[in-house]
>>> print(open('final-v1.cif').read())   # mmCIF, C-alpha atoms and all ligand atoms
data_structure
loop_
_atom_site.label_atom_id
_atom_site.label_comp_id
_atom_site.auth_asym_id
_atom_site.auth_seq_id
_atom_site.Cartn_x
_atom_site.Cartn_y
_atom_site.Cartn_z
CA MET A 214 72.21 75.91 117.84
CA SER A 215 69.79 73.62 119.59
CA HIS A 216 71.26 70.31 120.51
CA LEU A 217 71.61 68.01 117.51
CA THR A 218 73.21 64.59 117.53
CA ALA A 219 74.03 62.97 114.19
CA VAL A 220 73.51 59.22 113.94
CA PHE A 221 74.69 57.02 111.07
CA SER A 222 72.44 54.26 109.81
CA PRO A 223 73.91 50.92 108.66
CA GLU A 224 71.32 50.58 105.88
CA GLU A 225 73.94 50.68 103.12
CA LEU A 226 75.76 47.74 104.69
CA LEU A 227 72.53 45.78 105.03
CA LYS A 228 71.93 46.20 101.30
CA MET A 229 75.23 44.52 100.39
CA ASP A 230 75.19 40.91 99.14
CA GLY A 231 78.49 40.19 100.85
CA ILE A 232 76.93 40.72 104.30
CA ASP A 233 75.28 37.30 104.15
CA GLU A 234 78.53 35.60 103.17
CA LEU A 235 79.85 36.72 106.55
CA ASP A 236 77.32 34.53 108.35
CA THR A 237 79.04 31.47 106.95
CA MET A 238 82.53 32.34 108.22
CA ARG A 239 83.73 29.67 110.56
CA MET A 240 84.90 31.79 113.46
CA GLN A 241 82.61 31.40 116.49
CA PRO A 242 81.04 33.45 117.96
CA ASN A 243 80.82 35.15 114.57
CA PRO A 244 82.57 38.48 115.24
CA PHE A 245 81.76 40.23 111.97
CA TRP A 246 79.24 42.89 111.13
CA ASN A 247 76.88 40.31 109.65
CA ARG A 248 73.13 40.72 109.23
CA PRO A 249 72.07 39.55 112.72
CA ARG A 250 74.60 41.81 114.44
CA LEU A 251 73.64 44.83 112.30
CA ASP A 252 69.90 44.21 112.76
CA ILE A 253 70.10 43.64 116.51
CA THR A 254 72.36 46.58 117.31
CA TRP A 255 70.57 49.02 115.02
CA GLY A 256 67.13 47.69 115.89
CA LEU A 257 67.31 48.64 119.55
CA PRO A 258 67.82 52.41 119.22
CA VAL A 259 65.25 52.45 116.40
CA MET A 260 62.58 50.45 118.25
CA SER A 261 63.24 52.41 121.46
CA GLY A 262 62.11 55.51 119.58
CA LEU A 263 65.41 57.40 119.86
CA LEU A 264 65.45 58.34 116.20
CA GLN A 265 62.05 60.00 116.46
CA SER A 266 63.50 62.70 118.68
CA ASP A 267 64.06 66.08 117.09
CA ARG A 268 67.45 66.06 118.79
CA ILE A 269 68.66 63.41 116.35
CA SER A 270 69.55 63.82 112.70
CA LEU A 271 69.82 60.61 110.72
CA HIS A 272 72.55 60.14 108.11
CA GLN A 273 73.41 57.40 105.63
CA MET A 274 76.88 55.94 105.38
CA ARG A 275 78.89 56.71 102.27
CA LEU A 276 81.99 55.14 100.78
CA ALA A 277 85.25 56.86 101.68
CA THR A 278 87.09 58.13 98.60
CA ARG A 279 90.48 56.73 97.58
CA GLU A 280 91.97 60.10 98.39
CA GLU A 281 90.54 59.99 101.91
CA LEU A 282 91.74 56.44 102.51
CA GLY A 283 95.13 57.55 101.20
CA LEU A 284 95.46 59.96 104.12
CA TYR A 285 96.58 56.87 106.05
CA HIS A 286 96.49 53.71 103.96
CA ASP A 287 99.06 52.59 101.45
CA PRO A 288 97.84 52.92 97.82
CA SER A 289 98.88 49.35 97.00
CA TYR A 290 96.90 48.04 99.98
CA ILE A 291 93.79 50.01 98.95
CA GLU A 292 94.10 48.70 95.38
CA THR A 293 94.52 45.11 96.51
CA LEU A 294 91.50 45.34 98.79
CA GLU A 295 89.44 46.73 95.90
CA LEU A 296 90.67 44.03 93.54
CA PHE A 297 89.83 41.24 96.02
CA GLY A 298 86.44 42.82 96.70
CA ASN A 299 85.63 42.83 92.98
CA MET A 300 86.75 39.22 92.57
CA GLY A 301 85.13 38.05 95.78
CA SER A 302 88.27 36.05 96.54
CA ALA A 303 91.97 36.51 97.15
CA PHE A 304 94.99 35.08 95.34
CA SER A 305 97.38 35.73 98.20
CA SER A 306 97.21 36.48 101.89
CA ARG A 307 99.37 39.56 101.52
CA PHE A 308 98.52 42.50 103.75
CA GLY A 309 96.87 40.28 106.37
CA LEU A 310 93.92 39.64 104.06
CA ASP A 311 92.08 36.36 103.54
CA THR A 312 92.63 35.13 107.08
CA ASP A 313 90.07 33.85 109.61
CA GLU A 314 90.03 37.31 111.19
CA CYS A 315 89.89 39.30 107.98
CA PRO A 316 88.25 37.10 105.34
CA VAL A 317 87.85 38.20 101.74
CA PHE A 318 84.36 38.13 100.21
CA HIS A 319 82.35 39.86 97.50
CA GLN A 320 82.58 43.68 98.02
CA VAL A 321 84.79 43.42 101.11
CA ASP A 322 86.34 46.74 100.05
CA LYS A 323 82.96 48.49 100.25
CA TYR A 324 82.07 46.73 103.50
CA ALA A 325 85.28 48.20 104.95
CA SER A 326 84.91 51.61 103.34
CA TYR A 327 81.34 52.57 104.35
CA PRO A 328 82.17 52.89 108.06
CA VAL A 329 85.18 55.07 107.17
CA GLY A 330 82.95 57.42 105.19
CA ALA A 331 80.53 57.58 108.12
CA THR A 332 83.24 58.29 110.70
CA ILE A 333 84.71 61.03 108.49
CA ASP A 334 81.29 62.64 108.13
CA ALA A 335 80.72 62.35 111.88
CA VAL A 336 84.03 64.02 112.72
CA MET A 337 83.87 66.72 110.05
CA GLY A 338 80.21 67.47 110.73
CA VAL A 339 81.01 68.04 114.40
CA ALA A 340 84.18 69.98 113.59
CA ASP A 341 82.38 72.26 111.13
CA GLY A 342 79.48 72.83 113.52
CA LYS A 343 76.81 71.08 111.40
CA PHE A 344 75.76 69.17 114.49
CA GLU A 345 76.88 69.29 118.08
CA ASP A 346 77.96 65.67 118.43
CA ALA A 347 77.73 62.41 116.52
CA MET A 348 77.65 58.66 116.91
CA SER A 349 78.40 55.94 114.39
CA ILE A 350 77.94 52.49 115.89
CA ILE A 351 79.88 50.69 113.16
CA GLY A 352 83.26 52.33 113.58
CA GLY A 353 86.42 52.10 115.62
CA PHE A 354 88.48 49.71 113.47
CA HIS A 355 91.59 50.45 115.48
CA HIS A 356 93.61 47.34 114.49
CA ALA A 357 93.91 48.20 110.77
CA TYR A 358 97.42 49.45 109.92
CA SER A 359 98.37 51.48 106.86
CA SER A 360 99.01 48.35 104.82
CA ASN A 361 97.78 45.52 107.00
CA ALA A 362 94.40 44.17 108.03
CA GLY A 363 94.03 42.52 111.45
CA GLY A 364 91.62 41.82 114.30
CA PHE A 365 88.40 42.12 112.18
CA CYS A 366 89.62 45.51 110.88
CA TYR A 367 90.41 46.28 107.23
CA LEU A 368 90.43 50.08 107.05
CA ASN A 369 91.08 52.32 110.02
CA ASP A 370 88.24 54.84 110.18
CA THR A 371 89.61 56.39 113.38
CA VAL A 372 92.97 57.35 111.86
CA VAL A 373 91.57 58.43 108.49
CA ALA A 374 88.93 60.66 110.10
CA ILE A 375 91.38 62.27 112.54
CA LYS A 376 93.87 62.88 109.70
CA LYS A 377 91.10 64.48 107.66
CA PHE A 378 90.25 66.71 110.63
CA LYS A 379 93.92 67.67 111.06
CA GLU A 380 94.20 68.50 107.36
CA LYS A 381 91.52 71.17 107.74
CA TYR A 382 92.31 72.20 111.32
CA PRO A 383 96.08 71.70 111.69
CA ASN A 384 96.32 73.69 114.92
CA LYS A 385 93.55 71.90 116.81
CA LYS A 386 94.17 69.17 119.38
CA VAL A 387 92.41 65.81 119.35
CA LEU A 388 91.85 63.42 122.22
CA TYR A 389 91.38 59.85 120.98
CA LEU A 390 89.94 57.91 123.91
CA ASP A 391 89.74 54.15 123.37
CA THR A 392 87.86 52.14 126.00
CA ASP A 393 87.38 49.11 123.72
CA VAL A 394 88.66 46.05 125.58
CA HIS A 395 91.45 45.62 123.02
CA HIS A 396 94.46 47.92 122.81
CA GLY A 397 94.08 50.57 120.09
CA ASP A 398 97.40 49.53 118.58
CA ALA A 399 97.23 50.83 114.99
CA THR A 400 95.64 54.13 115.98
CA GLN A 401 98.29 54.66 118.64
CA GLU A 402 101.05 53.94 116.13
CA ALA A 403 99.64 56.37 113.58
CA PHE A 404 99.98 59.27 116.04
CA TYR A 405 102.93 58.01 118.07
CA HIS A 406 105.08 61.05 117.12
CA ASP A 407 102.29 63.59 117.28
CA PRO A 408 101.57 65.64 120.43
CA SER A 409 98.49 67.17 118.79
CA VAL A 410 96.69 63.81 118.91
CA LEU A 411 96.64 62.39 122.42
CA THR A 412 95.72 58.71 122.44
CA ILE A 413 94.48 57.11 125.65
CA SER A 414 93.61 53.41 125.70
CA THR A 415 92.18 51.29 128.51
CA HIS A 416 92.29 47.60 127.65
CA GLU A 417 92.67 44.09 128.93
CA LEU A 418 96.24 42.84 128.84
CA SER A 419 96.93 39.22 129.63
CA MET A 420 98.81 36.25 128.24
CA GLY A 421 97.72 35.60 124.66
CA PHE A 422 95.11 38.36 124.62
CA PHE A 423 94.91 40.23 121.30
CA PRO A 424 96.85 42.28 120.18
CA GLY A 425 99.33 41.93 123.06
CA THR A 426 100.55 45.55 123.04
CA GLY A 427 99.54 48.49 125.24
CA GLN A 428 102.03 48.58 128.11
CA PRO A 429 102.36 51.91 129.96
CA GLU A 430 105.93 52.19 128.63
CA GLU A 431 104.52 52.69 125.12
CA ALA A 432 104.23 56.40 125.81
CA GLY A 433 105.05 58.03 122.47
CA ILE A 434 108.28 59.11 120.88
CA GLY A 435 110.08 62.36 119.98
CA GLU A 436 107.70 65.30 120.25
CA GLY A 437 104.93 62.80 120.89
CA LYS A 438 106.55 61.53 124.09
CA GLY A 439 103.93 61.45 126.83
CA TYR A 440 101.03 61.67 124.37
CA SER A 441 100.32 57.93 124.11
CA VAL A 442 98.71 56.77 127.31
CA ASN A 443 98.18 53.08 127.99
CA ILE A 444 96.23 51.69 130.91
CA PRO A 445 96.40 47.89 130.76
CA LEU A 446 93.98 46.06 133.03
CA PRO A 447 94.10 42.47 134.26
CA PRO A 448 91.28 40.00 133.52
CA LEU A 449 88.34 40.37 135.97
CA THR A 450 88.84 44.10 136.45
CA ASP A 451 85.44 45.32 137.63
CA ASP A 452 83.56 48.60 137.70
CA PHE A 453 85.20 49.81 140.90
CA GLU A 454 88.79 49.23 139.79
CA TYR A 455 88.05 50.60 136.34
CA TRP A 456 86.79 53.87 137.79
CA LYS A 457 89.78 54.23 140.01
CA ALA A 458 92.03 54.16 136.93
CA PHE A 459 89.74 56.45 134.96
CA GLU A 460 89.49 59.08 137.67
CA GLU A 461 93.10 59.01 138.75
CA ILE A 462 94.66 59.04 135.29
CA ILE A 463 92.30 60.00 132.51
CA VAL A 464 90.44 62.88 134.15
CA PRO A 465 93.52 64.94 135.15
CA ILE A 466 95.30 64.34 131.83
CA TRP A 467 92.16 65.33 129.93
CA LEU A 468 91.73 68.54 131.93
CA ALA A 469 95.39 69.45 131.45
CA TYR A 470 95.42 68.69 127.71
CA LYS A 471 92.24 70.65 126.83
CA PRO A 472 91.37 68.91 123.55
CA ASP A 473 89.46 70.75 120.82
CA LEU A 474 87.81 67.53 119.60
CA VAL A 475 87.12 64.32 121.48
CA PHE A 476 86.91 61.04 119.57
CA TRP A 477 85.70 58.16 121.74
CA ASN A 478 85.98 54.53 120.66
CA ALA A 479 83.48 53.06 123.11
CA GLY A 480 83.87 49.31 122.46
CA ALA A 481 81.12 47.27 124.13
CA ASP A 482 83.49 44.32 124.48
CA ALA A 483 84.71 45.44 127.92
CA HIS A 484 81.26 44.43 129.23
CA MET A 485 81.22 41.32 131.43
CA ASP A 486 79.00 39.43 128.93
CA ASP A 487 81.49 39.67 126.09
CA PRO A 488 82.56 36.22 124.89
CA LEU A 489 86.00 37.35 123.64
CA ALA A 490 87.24 39.19 126.72
CA ASP A 491 87.39 39.01 130.51
CA LEU A 492 86.74 42.43 132.02
CA LEU A 493 83.70 42.86 134.27
CA LEU A 494 82.24 46.21 133.29
CA ASN A 495 78.44 46.46 133.37
CA LEU A 496 75.81 48.70 131.83
CA ASP A 497 76.07 51.12 134.74
CA THR A 498 79.80 51.50 134.05
CA TYR A 499 79.01 52.45 130.46
CA HIS A 500 76.28 54.82 131.56
CA ARG A 501 78.67 56.53 133.94
CA LEU A 502 81.38 56.57 131.28
CA SER A 503 79.11 58.32 128.80
CA LYS A 504 77.97 60.85 131.39
CA THR A 505 81.55 61.57 132.41
CA VAL A 506 82.90 61.77 128.86
CA ARG A 507 80.08 64.12 127.89
CA GLN A 508 80.65 66.26 130.96
CA LEU A 509 84.39 66.51 130.30
CA ALA A 510 83.77 67.32 126.63
CA HIS A 511 81.33 70.04 127.69
CA LEU A 512 83.98 71.65 129.88
CA GLY A 513 85.84 72.24 126.61
CA ASN A 514 84.18 73.13 123.34
CA LYS A 515 81.75 70.17 123.37
CA LYS A 516 82.90 68.56 120.14
CA LEU A 517 82.39 64.85 120.73
CA VAL A 518 82.24 61.89 118.34
CA ILE A 519 81.50 58.34 119.46
CA VAL A 520 82.09 55.15 117.49
CA GLY A 521 80.83 51.78 118.69
CA GLY A 522 84.07 49.76 118.48
CA GLY A 523 83.98 46.02 119.26
CA GLY A 524 81.25 44.09 121.05
CA TYR A 525 80.73 40.40 120.35
CA HIS A 526 77.61 39.68 122.37
CA PRO A 527 75.14 41.40 120.00
CA VAL A 528 72.33 41.69 122.57
CA THR A 529 74.58 43.27 125.19
CA ALA A 530 76.39 45.45 122.67
CA ALA A 531 73.04 46.77 121.44
CA ARG A 532 72.07 47.72 124.99
CA VAL A 533 75.43 49.39 125.63
CA TRP A 534 75.33 51.48 122.45
CA THR A 535 71.67 52.43 122.92
CA VAL A 536 72.42 53.68 126.44
CA LEU A 537 75.38 55.68 125.08
CA LEU A 538 73.30 57.24 122.31
CA ALA A 539 70.46 58.15 124.70
CA ASP A 540 72.98 59.78 127.04
CA LEU A 541 74.76 61.61 124.23
CA ALA A 542 71.57 63.09 122.79
CA ASP A 543 70.01 63.45 126.23
CA ILE A 544 66.86 61.49 125.39
CA ALA A 545 64.95 59.38 127.93
CA LEU A 546 64.82 55.66 127.16
CA PRO A 547 61.49 53.81 127.37
CA PRO A 548 61.02 52.11 130.75
CA LEU A 549 61.12 48.65 129.21
CA ILE A 550 63.19 47.09 126.45
CA PRO A 551 60.82 46.94 123.43
CA ALA A 552 59.13 43.53 123.06
CA LYS A 553 59.50 43.71 119.28
CA TRP A 554 63.25 43.88 119.64
CA ILE A 555 63.33 40.92 122.04
CA GLU A 556 61.36 38.98 119.43
CA MET A 557 63.93 39.90 116.79
CA CYS A 558 66.77 38.66 119.02
CA HIS A 559 64.91 35.37 119.55
CA LYS A 560 64.42 35.03 115.81
CA TYR A 561 68.21 35.19 115.40
CA GLY A 562 68.68 32.68 118.20
CA PHE A 563 69.81 35.08 120.96
CA GLU A 564 68.47 34.98 124.50
CA VAL A 565 67.60 38.28 126.13
CA LYS A 566 68.23 38.45 129.86
CA ARG A 567 65.83 40.47 131.93
CA GLY A 568 67.08 43.68 133.44
CA GLY A 569 66.27 46.39 130.94
CA TRP A 570 68.81 49.17 130.79
CA THR A 571 70.83 48.04 133.75
CA ASP A 572 72.33 44.75 134.87
CA ARG A 573 73.56 43.21 138.03
CA PRO A 574 77.25 43.90 138.61
CA GLN A 575 79.37 40.81 138.78
CA ARG A 576 81.35 40.43 141.96
CA MET A 577 84.87 39.16 141.84
CA TYR A 578 85.78 36.20 143.98
CA ALA A 579 87.69 37.36 147.03
CA GLU A 580 90.80 35.46 145.99
CA HIS A 581 91.03 37.47 142.75
CA GLU A 582 90.08 40.76 144.27
CA SER A 583 93.36 41.60 145.98
CA LYS A 584 95.36 40.46 142.96
CA VAL A 585 93.37 42.65 140.58
CA LYS A 586 93.52 45.60 142.97
CA ARG A 587 97.28 45.30 143.31
CA ALA A 588 97.79 45.09 139.53
CA VAL A 589 95.56 48.11 138.86
CA ASP A 590 97.27 50.16 141.58
CA GLU A 591 100.68 49.33 140.12
CA THR A 592 99.51 50.37 136.66
CA ILE A 593 98.14 53.66 137.97
CA GLU A 594 101.46 54.43 139.67
CA LYS A 595 103.47 53.55 136.59
CA VAL A 596 101.32 55.61 134.22
CA LYS A 597 101.47 58.62 136.54
CA GLU A 598 105.24 58.36 136.70
CA LEU A 599 105.62 58.11 132.93
CA ILE A 600 102.95 60.52 131.73
CA PHE A 601 102.10 63.09 134.39
CA PRO A 602 105.31 65.19 133.95
CA THR A 603 104.37 65.86 130.30
CA PHE A 604 101.22 67.59 131.53
CA GLY A 605 102.79 69.32 134.53
CA LEU A 606 100.79 67.11 136.89
CA GLU A 607 101.89 65.99 140.33
CA LYS A 608 101.77 62.29 141.12
ZN ZN A 701 87.71 45.21 120.84
#
>>> encode(input="final-v1.cif", output="structure tokens")
Amino acid sequence: MSHLTAVFSPEELLKMDGIDELDTMRMQPNPFWNRPRLDITWGLPVMSGLLQSDRISLHQMRLATREELGLYHDPSYIETLELFGNMGSAFSSRFGLDTDECPVFHQVDKYASYPVGATIDAVMGVADGKFEDAMSIIGGFHHAYSSNAGGFCYLNDTVVAIKKFKEKYPNKKVLYLDTDVHHGDATQEAFYHDPSVLTISTHELSMGFFPGTGQPEEAGIGEGKGYSVNIPLPPLTDDFEYWKAFEEIIVPIWLAYKPDLVFWNAGADAHMDDPLADLLLNLDTYHRLSKTVRQLAHLGNKKLVIVGGGGYHPVTAARVWTVLLADLADIALPPLIPAKWIEMCHKYGFEVKRGGWTDRPQRMYAEHESKVKRAVDETIEKVKELIFPTFGLEK
């Protein structure tokens, strides 16, 4: 098979009336998949010509079925979400719904379900060999629990899609790698007992930072002990410190585990521009991440799925995800960011910094540097101590 990367278009979401209600939600910066965020993030790969490549196959999102959602979510939660979506309002804030983070609006159930359908199709298409790898930008809703919405997440596409994969391929091993800046709490919990789904999460952890979980000690339970890996990072962790943790922990565990399928939640919110978080990753970090993840996946059987995850600076998130898609499909990006896209960002009121597909790394102030370094080193030691024995690795 020649190389084929499946990409999922957000067109179905853009057609929904409810999308424009999201613009009026009071939370600032508006963190939802509203029209500006969809247009800006989808517009960049399109206007950069990536979709014209014969290495890409374009797919539409579809709604997940009730049966599929039921692989993880509670039937009464699914029904309530559907009911509220039909009414366009809620009569109770049960299940974490109708909050600032997870507002209820017309067709909220469909808004939440389309990305699940897309992630399922991405995973199953890769698993069944329809395409080599896949990317769905609007996916990675890792804070949705079986009967609870939270952190801008209603339905957990990552868990549903992995469960669907396991239903058809019960003996295959999955690596769920979550580099979104927030801890992948609900996804971790869903597979906490299960050694056939290894979850690895790198995330910021600091006082009051959402969701507040993700300590190294959360390492799995029973047969799953050692198969939940948490690498918490202090605010201001930069490219250098991030790579130290990645290379010292994630690479050896990955090589020892030998996953059959790799599912990467590549949140753009760990980038230094993100308004909701405080890590200092840059575009080069993401570029290196995608190269490394692809390389590691290719050492195995190459089955790789990427979802976009969070990213609350739409202009930066668009650049991050476009770089990841170009790397995944191995397509050269145009030398300059398309002027038409910059115009579109301006139309929505967003500035576009110069710098194209790279940006200047942010240096930490010297006074923070030693503190961050010490914290990251301590984390690396602790994770090695807790996790490495499971994989027969030496510290
Ligand atoms: Zn996030």
>>> closest_residue(input="final-v1.cif", among="A:Pro408, A:Gly353, A:Gly298, A:Gly338", to="ligand ZN 701 (chain A)", atoms="only C-alpha atoms and all ligand atoms")
A:Gly353
>>> closest_residue(input="final-v1.cif", among="A:His356, A:Lys381, A:Lys438, A:Lys386", to="Phe601 (chain A)", atoms="all atoms listed in the file")
A:Lys438
>>> closest_atom_pairs(input="final-v1.cif", of="chain A", to="ligand ZN 701 (chain A)", cutoff="10 Å", atoms="only C-alpha atoms and all ligand atoms", output="JSON lines")
{"residue": "A:Gly353", "atom": "CA", "partner": "A:ZN701", "partner_atom": "ZN", "distance": 8.7}
{"residue": "A:Phe354", "atom": "CA", "partner": "A:ZN701", "partner_atom": "ZN", "distance": 8.7}
{"residue": "A:His355", "atom": "CA", "partner": "A:ZN701", "partner_atom": "ZN", "distance": 8.4}
{"residue": "A:His356", "atom": "CA", "partner": "A:ZN701", "partner_atom": "ZN", "distance": 8.9}
{"residue": "A:Gly364", "atom": "CA", "partner": "A:ZN701", "partner_atom": "ZN", "distance": 8.3}
{"residue": "A:Phe365", "atom": "CA", "partner": "A:ZN701", "partner_atom": "ZN", "distance": 9.2}
{"residue": "A:Asp391", "atom": "CA", "partner": "A:ZN701", "partner_atom": "ZN", "distance": 9.5}
{"residue": "A:Thr392", "atom": "CA", "partner": "A:ZN701", "partner_atom": "ZN", "distance": 8.6}
{"residue": "A:Asp393", "atom": "CA", "partner": "A:ZN701", "partner_atom": "ZN", "distance": 4.9}
{"residue": "A:Val394", "atom": "CA", "partner": "A:ZN701", "partner_atom": "ZN", "distance": 4.9}
{"residue": "A:His395", "atom": "CA", "partner": "A:ZN701", "partner_atom": "ZN", "distance": 4.3}
{"residue": "A:His396", "atom": "CA", "partner": "A:ZN701", "partner_atom": "ZN", "distance": 7.5}
{"residue": "A:Gly397", "atom": "CA", "partner": "A:ZN701", "partner_atom": "ZN", "distance": 8.4}
{"residue": "A:His416", "atom": "CA", "partner": "A:ZN701", "partner_atom": "ZN", "distance": 8.5}
{"residue": "A:Glu417", "atom": "CA", "partner": "A:ZN701", "partner_atom": "ZN", "distance": 9.6}
{"residue": "A:Phe423", "atom": "CA", "partner": "A:ZN701", "partner_atom": "ZN", "distance": 8.8}
{"residue": "A:Pro424", "atom": "CA", "partner": "A:ZN701", "partner_atom": "ZN", "distance": 9.6}
{"residue": "A:Asn478", "atom": "CA", "partner": "A:ZN701", "partner_atom": "ZN", "distance": 9.5}
{"residue": "A:Ala479", "atom": "CA", "partner": "A:ZN701", "partner_atom": "ZN", "distance": 9.2}
{"residue": "A:Gly480", "atom": "CA", "partner": "A:ZN701", "partner_atom": "ZN", "distance": 5.8}
{"residue": "A:Ala481", "atom": "CA", "partner": "A:ZN701", "partner_atom": "ZN", "distance": 7.6}
{"residue": "A:Asp482", "atom": "CA", "partner": "A:ZN701", "partner_atom": "ZN", "distance": 5.6}
{"residue": "A:Ala483", "atom": "CA", "partner": "A:ZN701", "partner_atom": "ZN", "distance": 7.7}
{"residue": "A:Asp487", "atom": "CA", "partner": "A:ZN701", "partner_atom": "ZN", "distance": 9.8}
{"residue": "A:Leu489", "atom": "CA", "partner": "A:ZN701", "partner_atom": "ZN", "distance": 8.5}
{"residue": "A:Ala490", "atom": "CA", "partner": "A:ZN701", "partner_atom": "ZN", "distance": 8.4}
{"residue": "A:Gly521", "atom": "CA", "partner": "A:ZN701", "partner_atom": "ZN", "distance": 9.8}
{"residue": "A:Gly522", "atom": "CA", "partner": "A:ZN701", "partner_atom": "ZN", "distance": 6.3}
{"residue": "A:Gly523", "atom": "CA", "partner": "A:ZN701", "partner_atom": "ZN", "distance": 4.1}
{"residue": "A:Gly524", "atom": "CA", "partner": "A:ZN701", "partner_atom": "ZN", "distance": 6.6}
{"residue": "A:Tyr525", "atom": "CA", "partner": "A:ZN701", "partner_atom": "ZN", "distance": 8.5}
>>> closest_residue(input="final-v1.cif", among="A:Leu468, A:Asp398, A:Met240, A:Tyr440", to="Gly425 (chain A)", atoms="all atoms listed in the file")
A:Asp398
>>> residues_near_point(input="final-v1.cif", point="(98.1, 55.2, 123.2)", cutoff="7 Å", atoms="only C-alpha atoms", output="number ranges by chain")
A: 397, 401, 412-414, 432, 441-443
>>> atom_distance(input="final-v1.cif", atom1="CA of Ile550 (chain A)", atom2="CA of Glu564 (chain A)")
13.4 Å
>>> residues_around(input="final-v1.cif", residues="region 575-583 of chain A", least_positions_apart="3", cutoff="10 Å", atoms="all atoms listed in the file", output="list of chain:residue names")
A:Pro448, A:Leu449, A:Thr450, A:Asp451, A:Asp452, A:Glu454, A:Met485, A:Asp486, A:Leu493, A:Leu494, A:Asn495, A:Asp572, A:Lys586, A:Arg587, A:Ala588, A:Val589
>>> atom_distance(input="final-v1.cif", atom1="CA of Tyr290 (chain A)", atom2="CA of Phe308 (chain A)")
6.9 Å
>>> closest_residue(input="final-v1.cif", among="A:Leu276, A:Lys560, A:Glu607, A:Pro548", to="Glu594 (chain A)", atoms="all atoms listed in the file")
A:Glu607
>>> atom_distance(input="final-v1.cif", atom1="CA of Ile269 (chain A)", atom2="CA of Thr535 (chain A)")
13.1 Å
>>> closest_residue(input="final-v1.cif", among="A:Tyr405, A:Glu314, A:Val533, A:Asp334", to="Gln241 (chain A)", atoms="only C-alpha atoms")
A:Glu314
>>> closest_residue(input="final-v1.cif", among="A:Lys385, A:His484, A:His559, A:Arg501", to="Tyr470 (chain A)", atoms="all atoms listed in the file")
A:Lys385
>>> residues_around(input="final-v1.cif", residues="Met348 (chain A)", least_positions_apart="5", cutoff="10 Å", atoms="only C-alpha atoms", output="short mmCIF file (atom, residue, chain, number, x, y, z; two decimals) with C-alpha atoms, in the frame of the given file")
data_model
loop_
_atom_site.label_atom_id
_atom_site.label_comp_id
_atom_site.auth_asym_id
_atom_site.auth_seq_id
_atom_site.Cartn_x
_atom_site.Cartn_y
_atom_site.Cartn_z
CA THR A 218 73.21 64.59 117.53
CA ALA A 219 74.03 62.97 114.19
CA VAL A 220 73.51 59.22 113.94
CA PHE A 221 74.69 57.02 111.07
CA SER A 222 72.44 54.26 109.81
CA ALA A 331 80.53 57.58 108.12
CA THR A 332 83.24 58.29 110.70
CA ALA A 335 80.72 62.35 111.88
CA VAL A 336 84.03 64.02 112.72
CA PHE A 476 86.91 61.04 119.57
CA TRP A 477 85.70 58.16 121.74
CA LEU A 517 82.39 64.85 120.73
CA VAL A 518 82.24 61.89 118.34
CA ILE A 519 81.50 58.34 119.46
CA VAL A 520 82.09 55.15 117.49
CA GLY A 521 80.83 51.78 118.69
CA TRP A 534 75.33 51.48 122.45
CA LEU A 537 75.38 55.68 125.08
CA LEU A 538 73.30 57.24 122.31
CA LEU A 541 74.76 61.61 124.23
CA ALA A 542 71.57 63.09 122.79
#
>>> residues_near_point(input="final-v1.cif", point="(88.4, 46.3, 94.2)", cutoff="12 Å", atoms="all atoms listed in the file", output="list in words")
Arg279, Ser289, Tyr290, Ile291, Glu292, Thr293, Leu294, Glu295, Leu296, Phe297, Gly298, Asn299, Met300, Gly301, Ser302, Ala303, Val317, Phe318, His319, Gln320, Val321, Asp322, Lys323, Tyr324, Ala325 and Ser326 of chain A
>>> residues_around(input="final-v1.cif", residues="region 253-256 of chain A", least_positions_apart="2", cutoff="8 Å", atoms="only C-alpha atoms", output="NGL selection string")
:A and (222-223 or 249-251 or 258-260 or 527-528 or 530-532 or 534 or 554 or 557-558)
>>> build_atoms(input="final-v1.cif", residues="region 532-539 of chain A", atoms="N, CA and C atoms", output="tab-separated table (two decimals), in the coordinates of the input")
chain	number	residue	atom	x	y	z
A	532	ARG	N	72.50	46.97	123.80
A	532	ARG	CA	72.07	47.72	124.99
A	532	ARG	C	73.10	48.79	125.36
A	533	VAL	N	74.37	48.41	125.31
A	533	VAL	CA	75.43	49.39	125.63
A	533	VAL	C	75.32	50.60	124.71
A	534	TRP	N	75.29	50.36	123.40
A	534	TRP	CA	75.33	51.48	122.45
A	534	TRP	C	74.04	52.31	122.51
A	535	THR	N	72.93	51.66	122.81
A	535	THR	CA	71.67	52.43	122.92
A	535	THR	C	71.72	53.35	124.14
A	536	VAL	N	72.25	52.84	125.24
A	536	VAL	CA	72.42	53.68	126.44
A	536	VAL	C	73.34	54.87	126.12
A	537	LEU	N	74.44	54.60	125.41
A	537	LEU	CA	75.38	55.68	125.08
A	537	LEU	C	74.72	56.74	124.19
A	538	LEU	N	73.94	56.28	123.22
A	538	LEU	CA	73.30	57.24	122.31
A	538	LEU	C	72.26	58.08	123.07
A	539	ALA	N	71.48	57.43	123.92
A	539	ALA	CA	70.46	58.15	124.70
A	539	ALA	C	71.13	59.20	125.59
